[in-house]
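Step one of this worksheet: look at the structure below.
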Amino acid sequence: MKKLFVLLVLALLASYGSKVSALFAQVKSGSAAWVSAKKADIKSSTGFFASTRGSLELGAEVMVLEVNAKGNWANVRSAANASLSGWMAMSNLSARRIVASGSTASATEVALAAKGFNQEVEDAYKTKGELNYADVDKTEAITVSQDDLYKFVTEGRLNTGE
């Protein structure tokens, strides 16, 4: 009977485990959060093309004032500069403090690790086939201004997502 109970508990944890752990790691209103991207913009509203009020670097702490109804944007205030506030995409935030230990990791590597990409994951990708990291680096280096992107979207009659 004891073994059956343990197996039942393990089965429940396996099926709900990710939901339970996500619940405790979620960014929520009234709590601190940290920027998990190399650079994240703070916008005047929840639209991708909303004007930018400022930006924060990887690891910067913010106070989450509100999360929008869809759960994809958070109204934040910078912990270092209380006058800098606005909306930030939730994908750029972590409920866990991000600390770079040592000076050997780049900001990009720390950002990827914060999102779950580490050496073990990279090694797994390498064993599955040929990967050209030089092309990935070239792609990451491409930048397009927000104005150019907006022009492309509107001229192509695409949805701006707002």
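Lettering and numbering for the structure tokens are positional, with chains as A, B, ... in the shown order, residues counted from 1 in each chain, and ligands counted from 1 in the shown order.
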- request: Give me the residues within 6 Å of stretch 84-95 of chain A as a ChimeraX atom specification, counting only C-alpha atoms and dropping any in the same chain fewer than 4 places off.
  value: /A:25-27,33-37,42-46,72-78
Deliver the residues from the most recent selection as a file, using C-alpha atoms, as a PDB file, in the first residue's frame.
```pdb
ATOM      1  CA  ALA A  25       8.777  31.223 -10.135  1.00  0.00           C
ATOM      2  CA  GLN A  26       6.286  33.564 -11.765  1.00  0.00           C
ATOM      3  CA  VAL A  27       6.748  37.293 -11.964  1.00  0.00           C
ATOM      4  CA  ALA A  33      11.935  40.873 -10.738  1.00  0.00           C
ATOM      5  CA  TRP A  34      15.186  40.983 -12.682  1.00  0.00           C
ATOM      6  CA  VAL A  35      15.940  41.673 -16.334  1.00  0.00           C
ATOM      7  CA  SER A  36      16.811  38.365 -18.016  1.00  0.00           C
ATOM      8  CA  ALA A  37      17.738  39.795 -21.422  1.00  0.00           C
ATOM      9  CA  ILE A  42      10.762  50.008 -20.970  1.00  0.00           C
ATOM     10  CA  LYS A  43       7.836  51.165 -23.111  1.00  0.00           C
ATOM     11  CA  SER A  44       5.139  53.816 -22.686  1.00  0.00           C
ATOM     12  CA  SER A  45       2.412  51.180 -23.244  1.00  0.00           C
ATOM     13  CA  THR A  46       2.031  47.467 -23.928  1.00  0.00           C
ATOM     14  CA  ASN A  72       2.585  39.171 -21.391  1.00  0.00           C
ATOM     15  CA  TRP A  73       3.514  42.685 -20.178  1.00  0.00           C
ATOM     16  CA  ALA A  74       4.457  44.039 -16.750  1.00  0.00           C
ATOM     17  CA  ASN A  75       4.304  47.643 -15.581  1.00  0.00           C
ATOM     18  CA  VAL A  76       7.670  48.058 -13.847  1.00  0.00           C
ATOM     19  CA  ARG A  77       9.738  50.664 -12.016  1.00  0.00           C
ATOM     20  CA  SER A  78      13.521  50.503 -11.973  1.00  0.00           C
TER      21      SER A  78
END
```
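You will find atom CA of A:Gly47 at 11.6 Å from atom CA of A:Asn68.
Atom CA of A:Phe48 is positioned 16.8 Å from atom CA of A:Glu155.
Near A:Tyr150, within 12 Å and counting only C-alpha atoms, sit A:Gly47, A:Phe48, A:Phe49, A:Ala50, A:Ser51, A:Val144, A:Ser145, A:Glu155, A:Gly156, A:Arg157, A:Leu158, A:Asn159, A:Thr160, A:Gly161, A:Glu162, not including residues fewer than 5 positions from it in the same chain.
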message: One decimal, in Å: what's the spacing between atom CA of A:Lys38 and atom CA of A:Leu56?
response: 8.5 Å
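Shortest separation to A:Thr52 among A:Val153, A:Ala40, A:Thr127, A:Ser29 occurs at residue A:Ala40, atoms counted being only C-alpha atoms.
Closest to A:Ser31 among A:Val136, A:Val121, A:Leu65, A:Leu58 is A:Leu65, based on only C-alpha atoms.
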